[in-house]
file entry02.csv (CSV, C-alpha atoms)
chain,number,residue,atom,x,y,z
A,221,MET,CA,-53.3,-10.5,16.4
A,222,THR,CA,-52.4,-10.8,20.0
A,223,LYS,CA,-53.8,-13.7,22.0
A,224,GLU,CA,-54.3,-13.4,25.7
A,225,SER,CA,-52.8,-16.9,26.1
A,226,ASP,CA,-49.5,-16.0,24.3
A,227,SER,CA,-46.4,-15.7,26.4
A,228,MET,CA,-44.3,-12.6,26.4
A,229,GLU,CA,-41.7,-14.5,24.3
A,230,ILE,CA,-44.3,-15.4,21.6
A,231,GLU,CA,-45.7,-11.8,21.5
A,232,THR,CA,-42.1,-10.5,21.2
A,233,THR,CA,-41.5,-12.8,18.3
A,234,ARG,CA,-44.7,-11.8,16.6
A,235,LEU,CA,-44.0,-8.1,16.9
A,236,ILE,CA,-40.4,-8.4,15.6
A,237,VAL,CA,-41.4,-10.5,12.6
A,238,GLU,CA,-44.5,-8.4,11.7
A,239,GLU,CA,-42.8,-5.1,12.0
A,240,GLY,CA,-39.6,-6.3,10.3
A,241,ILE,CA,-41.5,-7.8,7.3
A,242,SER,CA,-43.8,-4.8,7.0
A,243,ASP,CA,-40.8,-2.4,6.9
A,244,PHE,CA,-39.1,-4.5,4.2
A,245,LEU,CA,-42.3,-4.7,2.1
A,246,GLU,CA,-42.8,-1.0,2.3
A,247,ASN,CA,-39.4,-0.5,0.7
A,248,LEU,CA,-39.5,-2.9,-2.1
A,249,THR,CA,-39.4,0.1,-4.5
A,250,VAL,CA,-37.6,3.3,-3.5
A,251,ASP,CA,-36.3,6.4,-5.1
A,252,VAL,CA,-32.7,5.7,-4.0
A,253,ALA,CA,-31.1,2.5,-2.8
A,254,ILE,CA,-27.7,2.8,-1.1
A,255,ALA,CA,-25.3,0.0,-0.7
A,256,GLY,CA,-23.3,0.7,2.5
A,257,ALA,CA,-24.1,2.6,5.7
A,258,GLY,CA,-20.7,4.2,6.2
A,259,PRO,CA,-20.2,8.0,6.5
A,260,SER,CA,-20.9,8.9,2.9
A,261,GLY,CA,-23.9,6.6,2.7
A,262,LEU,CA,-25.5,7.9,5.8
A,263,VAL,CA,-24.8,11.6,4.8
A,264,ALA,CA,-26.4,11.0,1.4
A,265,ALA,CA,-29.4,9.2,3.0
A,266,LYS,CA,-29.9,12.1,5.4
A,267,TYR,CA,-29.9,14.8,2.7
A,268,LEU,CA,-32.0,12.7,0.2
A,269,ALA,CA,-34.6,11.8,2.8
A,270,GLU,CA,-34.7,15.4,4.2
A,271,ASN,CA,-35.7,16.6,0.8
A,272,GLY,CA,-38.5,14.1,0.2
A,273,ALA,CA,-36.8,11.1,-1.4
A,274,LYS,CA,-37.7,7.6,-0.4
A,275,VAL,CA,-34.3,6.1,0.6
A,276,ALA,CA,-33.2,2.6,1.8
A,277,ILE,CA,-29.7,1.7,2.9
A,278,PHE,CA,-28.5,-1.8,2.9
A,279,GLU,CA,-25.5,-2.5,5.2
A,280,ARG,CA,-23.7,-5.9,5.2
A,281,LYS,CA,-22.6,-5.6,8.8
A,282,LEU,CA,-24.6,-5.5,12.0
A,283,SER,CA,-23.4,-2.0,12.7
A,284,VAL,CA,-23.6,1.2,10.6
A,285,GLY,CA,-20.8,3.8,10.4
A,286,GLY,CA,-18.2,1.8,8.3
A,287,GLY,CA,-14.7,2.7,9.3
A,288,MET,CA,-15.6,5.8,11.2
A,289,TRP,CA,-16.4,4.1,14.5
A,290,ALA,CA,-12.8,3.4,15.4
A,291,GLY,CA,-11.4,6.7,14.3
A,292,GLY,CA,-7.7,6.2,13.5
A,293,MET,CA,-6.0,3.1,14.8
A,294,LEU,CA,-8.7,2.7,17.6
A,295,PHE,CA,-8.2,6.3,18.8
A,296,PRO,CA,-11.9,7.4,18.5
A,297,ARG,CA,-11.4,10.7,16.8
A,298,ILE,CA,-11.9,11.8,13.2
A,299,VAL,CA,-10.6,14.9,11.4
A,300,VAL,CA,-12.3,17.2,8.9
A,301,GLU,CA,-11.2,20.3,6.9
A,302,ASP,CA,-13.0,23.6,7.1
A,303,ASP,CA,-15.2,22.9,4.1
A,304,ALA,CA,-16.9,20.0,5.9
A,305,LYS,CA,-17.4,21.8,9.2
A,306,PRO,CA,-20.9,23.0,8.2
A,307,ILE,CA,-22.0,19.4,7.9
A,308,LEU,CA,-20.7,18.6,11.4
A,309,ASP,CA,-22.7,21.6,12.7
A,310,ASP,CA,-25.8,20.5,10.8
A,311,LEU,CA,-25.6,17.1,12.4
A,312,GLY,CA,-25.0,18.6,15.9
A,313,ILE,CA,-21.5,17.0,16.1
A,314,LYS,CA,-19.2,18.8,18.5
A,315,SER,CA,-15.7,19.6,17.2
A,316,LYS,CA,-12.5,21.4,18.2
A,317,LYS,CA,-10.4,23.6,16.0
A,318,ARG,CA,-6.8,22.3,15.9
A,319,GLY,CA,-4.6,24.3,13.5
A,320,ASN,CA,-6.3,24.2,10.1
A,321,LEU,CA,-8.4,21.1,10.9
A,322,TRP,CA,-11.3,20.2,13.1
A,323,VAL,CA,-11.4,17.1,15.4
A,324,ALA,CA,-14.5,15.3,16.5
A,325,ASN,CA,-15.4,12.2,18.4
A,326,SER,CA,-15.9,9.3,16.0
A,327,VAL,CA,-18.5,7.5,18.2
A,328,GLU,CA,-20.6,10.7,18.6
A,329,SER,CA,-20.3,11.3,14.8
A,330,VAL,CA,-21.6,7.8,13.9
A,331,VAL,CA,-24.5,7.9,16.4
A,332,LYS,CA,-25.7,11.4,15.5
A,333,LEU,CA,-25.3,10.8,11.7
A,334,ALA,CA,-27.3,7.6,11.9
A,335,SER,CA,-29.9,9.2,14.1
A,336,LYS,CA,-30.3,12.2,11.8
A,337,ALA,CA,-30.7,9.9,8.7
A,338,ILE,CA,-33.4,7.9,10.4
A,339,ASP,CA,-35.2,11.0,11.8
A,340,CYS,CA,-35.3,12.4,8.2
A,341,GLY,CA,-37.0,9.2,7.0
A,342,ALA,CA,-34.2,7.0,5.6
A,343,LYS,CA,-34.6,3.3,6.2
A,344,ILE,CA,-31.6,1.2,7.3
A,345,PHE,CA,-31.5,-2.5,6.7
A,346,ASN,CA,-28.5,-4.1,8.3
A,347,SER,CA,-27.0,-7.6,7.8
A,348,ILE,CA,-28.0,-7.5,4.2
A,349,GLY,CA,-25.5,-7.5,1.3
A,350,ILE,CA,-25.7,-6.7,-2.4
A,351,GLU,CA,-25.3,-9.9,-4.3
A,352,ASP,CA,-26.2,-8.6,-7.7
A,353,VAL,CA,-28.0,-5.7,-9.5
A,354,MET,CA,-30.9,-5.5,-11.9
A,355,ILE,CA,-30.0,-3.9,-15.2
A,356,ARG,CA,-32.6,-2.8,-17.7
A,357,GLU,CA,-31.7,-1.0,-20.9
A,358,ASN,CA,-28.2,0.0,-19.7
A,359,ARG,CA,-29.4,1.2,-16.4
A,360,VAL,CA,-29.3,-0.1,-12.8
A,361,THR,CA,-32.8,-0.4,-11.6
A,362,GLY,CA,-32.4,-2.2,-8.3
A,363,PHE,CA,-30.4,-4.4,-6.0
A,364,VAL,CA,-30.4,-8.1,-5.6
A,365,LEU,CA,-30.1,-8.8,-1.8
A,366,ASN,CA,-29.2,-11.7,0.5
A,367,TRP,CA,-28.6,-12.0,4.2
A,368,SER,CA,-24.9,-11.5,5.2
A,369,ALA,CA,-25.1,-14.7,7.3
A,370,VAL,CA,-26.1,-16.7,4.2
A,371,GLU,CA,-23.0,-15.4,2.4
A,372,ILE,CA,-20.7,-16.1,5.4
A,373,ALA,CA,-22.1,-19.7,5.7
A,374,ASN,CA,-21.8,-20.2,2.0
A,375,LEU,CA,-25.3,-21.5,1.8
A,376,HIS,CA,-27.1,-21.9,-1.6
A,377,VAL,CA,-30.0,-19.6,-0.9
A,378,ASP,CA,-31.6,-17.6,-3.7
A,379,PRO,CA,-31.8,-13.8,-3.1
A,380,LEU,CA,-34.6,-11.2,-3.2
A,381,THR,CA,-34.8,-8.0,-5.1
A,382,ILE,CA,-35.7,-4.3,-4.5
A,383,GLY,CA,-36.3,-1.7,-7.2
A,384,SER,CA,-35.0,1.8,-7.3
A,385,LYS,CA,-34.9,4.9,-9.6
A,386,PHE,CA,-31.2,5.5,-8.6
A,387,ALA,CA,-28.6,3.4,-6.8
A,388,ILE,CA,-25.5,4.4,-4.9
A,389,ASP,CA,-22.3,2.4,-4.3
A,390,ALA,CA,-21.1,3.5,-0.9
A,391,THR,CA,-19.3,0.2,-0.1
A,392,GLY,CA,-15.9,1.8,0.5
A,393,HIS,CA,-12.6,0.6,-0.8
A,394,ALA,CA,-14.0,-2.6,-2.5
A,395,ALA,CA,-16.5,-0.7,-4.7
A,396,GLU,CA,-18.6,-3.9,-4.6
A,397,VAL,CA,-21.6,-2.7,-6.6
A,398,CYS,CA,-19.4,-1.1,-9.3
A,399,SER,CA,-17.5,-4.3,-9.5
A,400,VAL,CA,-20.7,-6.3,-10.1
A,401,VAL,CA,-21.8,-3.8,-12.8
A,402,GLN,CA,-18.5,-3.9,-14.5
A,403,ARG,CA,-18.6,-7.7,-14.6
A,404,LYS,CA,-22.2,-7.9,-15.8
A,405,ALA,CA,-22.4,-4.9,-18.1
A,406,GLY,CA,-18.8,-4.9,-19.3
A,407,LYS,CA,-18.1,-1.2,-19.0
A,408,LEU,CA,-18.2,1.8,-16.6
A,409,ASN,CA,-18.0,5.5,-17.3
A,410,THR,CA,-14.3,5.7,-16.5
A,411,PRO,CA,-11.4,6.5,-18.7
A,412,SER,CA,-10.5,2.8,-19.0
A,413,GLY,CA,-14.1,1.5,-18.9
A,414,GLY,CA,-13.4,-0.3,-15.7
A,415,ILE,CA,-12.4,0.1,-12.1
A,416,GLU,CA,-9.0,1.9,-11.9
A,417,GLY,CA,-8.1,0.8,-8.4
A,418,GLU,CA,-7.4,2.7,-5.2
A,419,ARG,CA,-3.9,4.2,-4.8
A,420,SER,CA,-1.8,4.6,-1.7
A,421,MET,CA,-2.6,7.1,1.0
A,422,TRP,CA,-2.3,10.8,0.1
A,423,ALA,CA,-4.9,12.7,2.2
A,424,GLU,CA,-4.4,16.2,0.6
A,425,LYS,CA,-5.2,14.9,-2.8
A,426,SER,CA,-7.8,12.3,-1.8
A,427,GLU,CA,-10.0,14.7,0.2
A,428,LYS,CA,-10.5,16.8,-3.0
A,429,LEU,CA,-10.7,13.9,-5.4
A,430,VAL,CA,-13.3,11.9,-3.5
A,431,VAL,CA,-15.7,14.8,-4.1
A,432,LYS,CA,-14.7,15.3,-7.7
A,433,ASN,CA,-15.1,11.6,-8.4
A,434,THR,CA,-18.6,11.4,-6.9
A,435,LYS,CA,-20.6,11.0,-10.1
A,436,GLU,CA,-22.7,8.6,-12.2
A,437,VAL,CA,-20.6,5.7,-13.2
A,438,TYR,CA,-23.2,3.7,-15.1
A,439,GLY,CA,-26.8,4.5,-15.9
A,440,GLY,CA,-28.6,5.2,-12.6
A,441,LEU,CA,-25.6,4.2,-10.5
A,442,TYR,CA,-23.5,6.7,-8.6
A,443,ALA,CA,-20.2,6.0,-6.8
A,444,MET,CA,-19.3,8.0,-3.7
A,445,GLY,CA,-16.9,8.0,-0.8
A,446,MET,CA,-14.0,5.6,-1.1
A,447,ALA,CA,-15.9,3.6,-3.7
A,448,ALA,CA,-15.6,6.6,-6.0
A,449,ASN,CA,-11.9,7.0,-5.4
A,450,ALA,CA,-11.4,3.2,-6.0
A,451,VAL,CA,-13.3,3.4,-9.3
A,452,PHE,CA,-11.4,6.4,-10.6
A,453,GLY,CA,-7.9,5.4,-9.3
A,454,ALA,CA,-7.5,8.1,-6.6
A,455,PRO,CA,-5.6,7.7,-3.3
A,456,ARG,CA,-7.1,6.7,0.1
A,457,MET,CA,-7.1,9.3,2.9
A,458,GLY,CA,-7.2,7.6,6.2
A,459,PRO,CA,-9.2,8.9,9.2
A,460,ILE,CA,-9.9,12.3,7.5
A,461,PHE,CA,-13.6,12.2,6.9
A,462,GLY,CA,-14.6,15.7,5.5
A,463,GLY,CA,-14.3,14.5,1.9
A,464,MET,CA,-16.5,11.5,2.7
A,465,PHE,CA,-19.2,13.8,4.2
A,466,LEU,CA,-19.0,16.2,1.2
A,467,SER,CA,-19.1,13.3,-1.2
A,468,GLY,CA,-22.3,12.0,0.3
A,469,LYS,CA,-23.9,15.5,0.2
A,470,LYS,CA,-22.9,15.9,-3.5
A,471,ALA,CA,-24.3,12.5,-4.5
A,472,ALA,CA,-27.6,13.5,-2.8
A,473,GLU,CA,-27.7,16.8,-4.6
A,474,LEU,CA,-26.9,15.3,-8.0
A,475,ILE,CA,-29.7,12.7,-7.6
A,476,LEU,CA,-32.2,15.2,-6.2
A,477,ASP,CA,-31.8,17.2,-9.4
A,478,ARG,CA,-33.0,14.2,-11.4
A,479,LEU,CA,-35.8,13.0,-9.2

call {"tool": "encode", "arguments": {"input": "entry02.csv", "output": "C-alpha coordinates"}}
result
Amino acid sequence: MTKESDSMEIETTRLIVEEGISDFLENLTVDVAIAGAGPSGLVAAKYLAENGAKVAIFERKLSVGGGMWAGGMLFPRIVVEDDAKPILDDLGIKSKKRGNLWVANSVESVVKLASKAIDCGAKIFNSIGIEDVMIRENRVTGFVLNWSAVEIANLHVDPLTIGSKFAIDATGHAAEVCSVVQRKAGKLNTPSGGIEGERSMWAEKSEKLVVKNTKEVYGGLYAMGMAANAVFGAPRMGPIFGGMFLSGKKAAELILDRL
(Lines of atoms letter the chains of each structure in order from A and count residues from 1; the text may use other names and numbers.)
(Lines give C-alpha, C1' and ligand atoms only; values in the text may rest on other atoms or scores of the structure.)
Protein backbone atom coordinates (compact mmCIF):
# COMPACT_ATOMS: atom_id res chain seq x y z
CA MET A 1 0.00 0.00 0.00
CA THR A 2 1.33 3.42 -0.89
CA LYS A 3 2.70 5.52 1.95
CA GLU A 4 2.77 9.30 1.68
CA SER A 5 6.34 9.32 3.02
CA ASP A 6 7.61 7.01 0.30
CA SER A 7 9.87 8.52 -2.32
CA MET A 8 9.11 8.16 -5.99
CA GLU A 9 11.93 5.61 -6.21
CA ILE A 10 10.39 3.43 -3.49
CA GLU A 11 6.92 3.66 -4.99
CA THR A 12 8.33 2.78 -8.42
CA THR A 13 10.02 -0.27 -6.93
CA ARG A 14 6.81 -1.33 -5.17
CA LEU A 15 4.74 -1.06 -8.34
CA ILE A 16 7.21 -3.02 -10.46
CA VAL A 17 7.59 -5.85 -7.94
CA GLU A 18 3.89 -6.10 -7.10
CA GLU A 19 2.73 -6.05 -10.70
CA GLY A 20 5.49 -8.37 -11.91
CA ILE A 21 4.87 -10.97 -9.22
CA SER A 22 1.10 -10.73 -9.65
CA ASP A 23 1.40 -11.36 -13.39
CA PHE A 24 3.67 -14.35 -12.83
CA LEU A 25 1.39 -15.88 -10.19
CA GLU A 26 -1.64 -15.51 -12.45
CA ASN A 27 0.14 -17.61 -15.07
CA LEU A 28 1.43 -20.51 -12.97
CA THR A 29 -1.03 -22.71 -14.87
CA VAL A 30 -1.90 -22.01 -18.49
CA ASP A 31 -3.47 -23.75 -21.44
CA VAL A 32 -0.34 -23.37 -23.57
CA ALA A 33 3.24 -22.58 -22.56
CA ILE A 34 5.52 -21.48 -25.39
CA ALA A 35 9.31 -21.55 -25.21
CA GLY A 36 10.66 -18.78 -27.42
CA ALA A 37 9.17 -15.47 -28.57
CA GLY A 38 10.47 -15.57 -32.11
CA PRO A 39 8.15 -15.19 -35.12
CA SER A 40 6.53 -18.62 -34.91
CA GLY A 41 6.09 -18.35 -31.13
CA LEU A 42 4.46 -14.93 -31.34
CA VAL A 43 2.19 -15.97 -34.22
CA ALA A 44 1.06 -19.08 -32.33
CA ALA A 45 0.45 -17.02 -29.19
CA LYS A 46 -1.60 -14.48 -31.12
CA TYR A 47 -3.93 -17.05 -32.69
CA LEU A 48 -4.22 -19.13 -29.52
CA ALA A 49 -5.04 -16.16 -27.30
CA GLU A 50 -7.37 -14.67 -29.90
CA ASN A 51 -9.41 -17.86 -29.68
CA GLY A 52 -9.66 -17.91 -25.91
CA ALA A 53 -6.63 -19.95 -24.83
CA LYS A 54 -4.58 -18.85 -21.82
CA VAL A 55 -1.06 -18.48 -23.21
CA ALA A 56 2.31 -17.62 -21.70
CA ILE A 57 5.54 -17.21 -23.68
CA PHE A 58 8.93 -17.52 -22.01
CA GLU A 59 11.79 -15.82 -23.85
CA ARG A 60 15.41 -16.24 -22.79
CA LYS A 61 16.53 -12.89 -24.22
CA LEU A 62 15.48 -9.40 -23.19
CA SER A 63 13.92 -8.77 -26.60
CA VAL A 64 11.28 -10.72 -28.48
CA GLY A 65 11.32 -11.42 -32.22
CA GLY A 66 14.15 -13.93 -32.43
CA GLY A 67 16.14 -13.65 -35.63
CA MET A 68 13.54 -11.49 -37.36
CA TRP A 69 14.72 -8.13 -35.95
CA ALA A 70 17.81 -7.92 -38.14
CA GLY A 71 16.28 -9.25 -41.35
CA GLY A 72 19.04 -10.64 -43.52
CA MET A 73 22.62 -9.73 -42.58
CA LEU A 74 21.42 -6.55 -40.81
CA PHE A 75 19.36 -5.34 -43.77
CA PRO A 76 16.05 -4.92 -41.88
CA ARG A 77 13.81 -6.67 -44.37
CA ILE A 78 12.08 -10.04 -44.42
CA VAL A 79 10.53 -11.95 -47.29
CA VAL A 80 7.39 -14.11 -47.43
CA GLU A 81 5.67 -16.12 -50.13
CA ASP A 82 2.08 -15.61 -51.28
CA ASP A 83 0.58 -18.15 -48.87
CA ALA A 84 1.78 -16.16 -45.84
CA LYS A 85 0.65 -12.76 -47.13
CA PRO A 86 -2.77 -13.04 -45.39
CA ILE A 87 -0.97 -13.27 -42.04
CA LEU A 88 0.97 -10.07 -42.79
CA ASP A 89 -2.33 -8.40 -43.65
CA ASP A 90 -3.99 -9.72 -40.49
CA LEU A 91 -1.16 -8.23 -38.43
CA GLY A 92 -1.30 -4.90 -40.27
CA ILE A 93 2.26 -5.30 -41.59
CA LYS A 94 2.91 -3.32 -44.77
CA SER A 95 4.55 -5.22 -47.62
CA LYS A 96 5.60 -4.80 -51.26
CA LYS A 97 5.21 -7.32 -54.05
CA ARG A 98 8.54 -8.04 -55.73
CA GLY A 99 8.28 -10.74 -58.37
CA ASN A 100 6.76 -13.82 -56.73
CA LEU A 101 7.60 -12.68 -53.20
CA TRP A 102 6.55 -10.05 -50.67
CA VAL A 103 9.03 -7.86 -48.78
CA ALA A 104 8.32 -6.30 -45.37
CA ASN A 105 10.24 -4.26 -42.81
CA SER A 106 11.58 -6.61 -40.14
CA VAL A 107 11.37 -4.09 -37.30
CA GLU A 108 7.76 -3.23 -38.11
CA SER A 109 7.01 -6.96 -38.33
CA VAL A 110 8.35 -7.73 -34.87
CA VAL A 111 6.70 -4.74 -33.22
CA LYS A 112 3.27 -5.35 -34.71
CA LEU A 113 3.39 -9.09 -34.12
CA ALA A 114 4.32 -8.65 -30.47
CA SER A 115 1.69 -5.95 -30.04
CA LYS A 116 -1.03 -8.13 -31.59
CA ALA A 117 -0.12 -11.12 -29.41
CA ILE A 118 -0.27 -8.98 -26.28
CA ASP A 119 -3.51 -7.28 -27.33
CA CYS A 120 -5.09 -10.71 -27.83
CA GLY A 121 -4.19 -11.63 -24.25
CA ALA A 122 -0.93 -13.56 -24.53
CA LYS A 123 1.55 -12.98 -21.69
CA ILE A 124 5.24 -12.59 -22.49
CA PHE A 125 7.88 -13.20 -19.81
CA ASN A 126 11.34 -12.22 -21.02
CA SER A 127 14.77 -13.07 -19.59
CA ILE A 128 13.47 -16.50 -18.54
CA GLY A 129 14.81 -19.75 -19.99
CA ILE A 130 13.50 -23.30 -19.97
CA GLU A 131 15.82 -25.36 -17.79
CA ASP A 132 13.78 -28.55 -17.74
CA VAL A 133 10.26 -29.88 -18.26
CA MET A 134 7.72 -31.67 -16.12
CA ILE A 135 6.75 -35.07 -17.52
CA ARG A 136 3.85 -37.07 -16.14
CA GLU A 137 2.69 -40.34 -17.71
CA ASN A 138 4.56 -39.77 -20.97
CA ARG A 139 3.30 -36.23 -21.36
CA VAL A 140 4.89 -32.80 -20.94
CA THR A 141 2.84 -30.98 -18.31
CA GLY A 142 4.89 -27.84 -17.73
CA PHE A 143 8.15 -25.94 -17.95
CA VAL A 144 10.89 -25.65 -15.34
CA LEU A 145 12.11 -22.04 -15.42
CA ASN A 146 15.06 -19.97 -14.34
CA TRP A 147 16.30 -16.43 -14.98
CA SER A 148 18.62 -16.15 -17.97
CA ALA A 149 21.02 -14.13 -15.82
CA VAL A 150 21.32 -17.07 -13.43
CA GLU A 151 22.30 -19.34 -16.30
CA ILE A 152 24.79 -16.82 -17.71
CA ALA A 153 26.44 -16.33 -14.31
CA ASN A 154 26.51 -20.10 -13.74
CA LEU A 155 24.89 -19.69 -10.34
CA HIS A 156 23.50 -22.66 -8.43
CA VAL A 157 19.92 -21.40 -8.06
CA ASP A 158 16.99 -23.81 -8.03
CA PRO A 159 14.30 -23.16 -10.66
CA LEU A 160 10.54 -22.65 -10.45
CA THR A 161 7.78 -24.41 -12.37
CA ILE A 162 4.65 -23.55 -14.33
CA GLY A 163 2.02 -26.04 -15.50
CA SER A 164 0.37 -26.29 -18.92
CA LYS A 165 -2.04 -28.45 -20.86
CA PHE A 166 0.19 -28.15 -23.93
CA ALA A 167 3.73 -26.94 -24.53
CA ILE A 168 5.44 -25.61 -27.64
CA ASP A 169 9.12 -25.63 -28.54
CA ALA A 170 9.71 -22.46 -30.55
CA THR A 171 13.37 -22.10 -29.55
CA GLY A 172 14.66 -22.12 -33.11
CA HIS A 173 17.65 -23.98 -34.49
CA ALA A 174 18.64 -25.47 -31.12
CA ALA A 175 15.24 -27.10 -30.42
CA GLU A 176 16.09 -26.74 -26.73
CA VAL A 177 12.90 -28.14 -25.22
CA CYS A 178 12.85 -31.14 -27.53
CA SER A 179 16.49 -31.78 -26.63
CA VAL A 180 15.58 -31.84 -22.94
CA VAL A 181 12.64 -34.17 -23.54
CA GLN A 182 14.75 -36.54 -25.65
CA ARG A 183 17.36 -36.66 -22.91
CA LYS A 184 14.86 -37.17 -20.09
CA ALA A 185 12.23 -39.33 -21.81
CA GLY A 186 14.52 -41.17 -24.20
CA LYS A 187 12.41 -40.89 -27.32
CA LEU A 188 10.59 -38.43 -29.57
CA ASN A 189 7.97 -39.04 -32.26
CA THR A 190 10.50 -38.94 -35.11
CA PRO A 191 11.67 -41.70 -37.47
CA SER A 192 14.84 -42.24 -35.43
CA GLY A 193 13.24 -41.51 -32.07
CA GLY A 194 15.52 -38.51 -31.65
CA ILE A 195 16.43 -35.13 -33.08
CA GLU A 196 17.48 -35.53 -36.71
CA GLY A 197 19.46 -32.27 -36.91
CA GLU A 198 19.09 -29.23 -39.12
CA ARG A 199 20.39 -29.44 -42.70
CA SER A 200 22.07 -26.75 -44.79
CA MET A 201 20.08 -23.89 -46.32
CA TRP A 202 17.52 -24.69 -49.01
CA ALA A 203 14.70 -22.15 -48.78
CA GLU A 204 12.36 -23.67 -51.37
CA LYS A 205 12.21 -26.97 -49.46
CA SER A 206 12.43 -25.56 -45.97
CA GLU A 207 9.51 -23.15 -46.38
CA LYS A 208 7.18 -26.07 -47.05
CA LEU A 209 8.78 -28.53 -44.64
CA VAL A 210 8.65 -26.19 -41.65
CA VAL A 211 4.86 -26.27 -41.91
CA LYS A 212 4.71 -30.02 -42.58
CA ASN A 213 7.00 -30.71 -39.62
CA THR A 214 4.91 -28.63 -37.20
CA LYS A 215 3.38 -31.37 -35.11
CA GLU A 216 3.26 -33.11 -31.73
CA VAL A 217 6.70 -34.61 -31.08
CA TYR A 218 5.98 -35.99 -27.62
CA GLY A 219 2.84 -36.15 -25.50
CA GLY A 220 1.58 -32.58 -25.17
CA LEU A 221 4.69 -31.06 -26.77
CA TYR A 222 4.62 -29.47 -30.23
CA ALA A 223 7.62 -28.34 -32.26
CA MET A 224 7.27 -25.44 -34.67
CA GLY A 225 9.38 -22.99 -36.61
CA MET A 226 13.04 -23.87 -37.02
CA ALA A 227 12.80 -26.15 -33.98
CA ALA A 228 10.48 -28.37 -36.04
CA ASN A 229 12.91 -28.50 -38.96
CA ALA A 230 15.80 -29.25 -36.62
CA VAL A 231 13.87 -32.09 -35.01
CA PHE A 232 12.91 -33.67 -38.34
CA GLY A 233 16.16 -33.06 -40.22
CA ALA A 234 14.98 -30.40 -42.70
CA PRO A 235 17.01 -27.49 -44.15
CA ARG A 236 17.18 -23.98 -42.78
CA MET A 237 15.72 -21.17 -44.88
CA GLY A 238 17.38 -17.88 -43.97
CA PRO A 239 15.42 -14.58 -43.83
CA ILE A 240 12.31 -15.97 -45.54
CA PHE A 241 9.70 -15.97 -42.79
CA GLY A 242 6.44 -17.03 -44.39
CA GLY A 243 6.90 -20.63 -43.35
CA MET A 244 7.62 -19.52 -39.80
CA PHE A 245 4.36 -17.56 -39.66
CA LEU A 246 2.38 -20.44 -41.15
CA SER A 247 4.04 -22.90 -38.76
CA GLY A 248 2.93 -20.83 -35.77
CA LYS A 249 -0.62 -20.59 -37.09
CA LYS A 250 -0.74 -24.35 -37.74
CA ALA A 251 0.49 -25.16 -34.22
CA ALA A 252 -2.22 -22.89 -32.79
CA GLU A 253 -4.91 -24.59 -34.86
CA LEU A 254 -3.74 -28.08 -33.91
CA ILE A 255 -3.78 -27.25 -30.21
CA LEU A 256 -7.08 -25.34 -30.32
CA ASP A 257 -8.69 -28.49 -31.74
CA ARG A 258 -7.65 -30.31 -28.57
CA LEU A 259 -8.40 -27.71 -25.90

call {"tool": "residues_around", "arguments": {"input": "entry02.csv", "residues": "Phe244 of chain A", "least_positions_apart": "4", "cutoff": "10 Å", "atoms": "all atoms listed in the file", "output": "tab-separated table (two decimals) with C-alpha atoms, in the frame of the given file"}}
result
chain	number	residue	atom	x	y	z
A	239	GLU	CA	-42.80	-5.10	12.00
A	240	GLY	CA	-39.60	-6.30	10.30
A	248	LEU	CA	-39.50	-2.90	-2.10
A	249	THR	CA	-39.40	0.10	-4.50
A	276	ALA	CA	-33.20	2.60	1.80
A	343	LYS	CA	-34.60	3.30	6.20
A	344	ILE	CA	-31.60	1.20	7.30
A	345	PHE	CA	-31.50	-2.50	6.70
A	382	ILE	CA	-35.70	-4.30	-4.50

call {"tool": "residues_around", "arguments": {"input": "entry02.csv", "residues": "segment 301-308 of chain A", "least_positions_apart": "5", "cutoff": "7 Å", "atoms": "only C-alpha atoms", "output": "list in words"}}
result
Ile313, Leu321, Trp322, Gly462, Phe465 and Leu466 of chain A

call {"tool": "closest_atom_pairs", "arguments": {"input": "entry02.csv", "of": "segment 377-403 of chain A", "to": "segment 433-439 of chain A", "cutoff": "10 Å", "atoms": "all atoms listed in the file", "output": "JSON lines"}}
result
{"residue": "A:Phe386", "atom": "CA", "partner": "A:Gly439", "partner_atom": "CA", "distance": 8.6}
{"residue": "A:Ala387", "atom": "CA", "partner": "A:Gly439", "partner_atom": "CA", "distance": 9.3}
{"residue": "A:Ile388", "atom": "CA", "partner": "A:Glu436", "partner_atom": "CA", "distance": 8.9}
{"residue": "A:Asp389", "atom": "CA", "partner": "A:Val437", "partner_atom": "CA", "distance": 9.6}
{"residue": "A:Cys398", "atom": "CA", "partner": "A:Val437", "partner_atom": "CA", "distance": 7.9}
{"residue": "A:Val401", "atom": "CA", "partner": "A:Tyr438", "partner_atom": "CA", "distance": 8.0}
{"residue": "A:Gln402", "atom": "CA", "partner": "A:Tyr438", "partner_atom": "CA", "distance": 9.0}

call {"tool": "residues_around", "arguments": {"input": "entry02.csv", "residues": "Phe363 of chain A", "least_positions_apart": "4", "cutoff": "7 Å", "atoms": "all atoms listed in the file", "output": "PyMOL selection string"}}
result
chain A and resi 350+352-354+381-383

call {"tool": "atom_distance", "arguments": {"input": "entry02.csv", "atom1": "atom CA of Ser467 of chain A", "atom2": "atom CA of Ser368 of chain A"}}
result
26.3 Å

call {"tool": "atom_distance", "arguments": {"input": "entry02.csv", "atom1": "atom CA of Val370 of chain A", "atom2": "atom CA of Glu229 of chain A"}}
result
25.5 Å

call {"tool": "atom_distance", "arguments": {"input": "entry02.csv", "atom1": "atom CA of Val397 of chain A", "atom2": "atom CA of Gly341 of chain A"}}
result
23.7 Å

call {"tool": "closest_residue", "arguments": {"input": "entry02.csv", "among": "A:Glu328, A:Glu270, A:Glu396, A:Glu371", "to": "Cys340 of chain A", "atoms": "all atoms listed in the file"}}
result
A:Glu270

call {"tool": "closest_residue", "arguments": {"input": "entry02.csv", "among": "A:Ala290, A:Ile460, A:Met444, A:Leu365", "to": "Val327 of chain A", "atoms": "all atoms listed in the file"}}
result
A:Ala290

call {"tool": "closest_residue", "arguments": {"input": "entry02.csv", "among": "A:Thr391, A:Asn346, A:Ser399, A:Ser242", "to": "Pro259 of chain A", "atoms": "all atoms listed in the file"}}
result
A:Thr391

call {"tool": "closest_residue", "arguments": {"input": "entry02.csv", "among": "A:Ser420, A:Asn374, A:Thr361, A:Asn409", "to": "Val252 of chain A", "atoms": "all atoms listed in the file"}}
result
A:Thr361

call {"tool": "closest_residue", "arguments": {"input": "entry02.csv", "among": "A:Ile338, A:Thr410, A:Ala255, A:Ala265", "to": "Glu473 of chain A", "atoms": "all atoms listed in the file"}}
result
A:Ala265

call {"tool": "closest_residue", "arguments": {"input": "entry02.csv", "among": "A:Lys428, A:Lys314, A:Lys281, A:Arg456", "to": "Gly349 of chain A", "atoms": "only C-alpha atoms"}}
result
A:Lys281
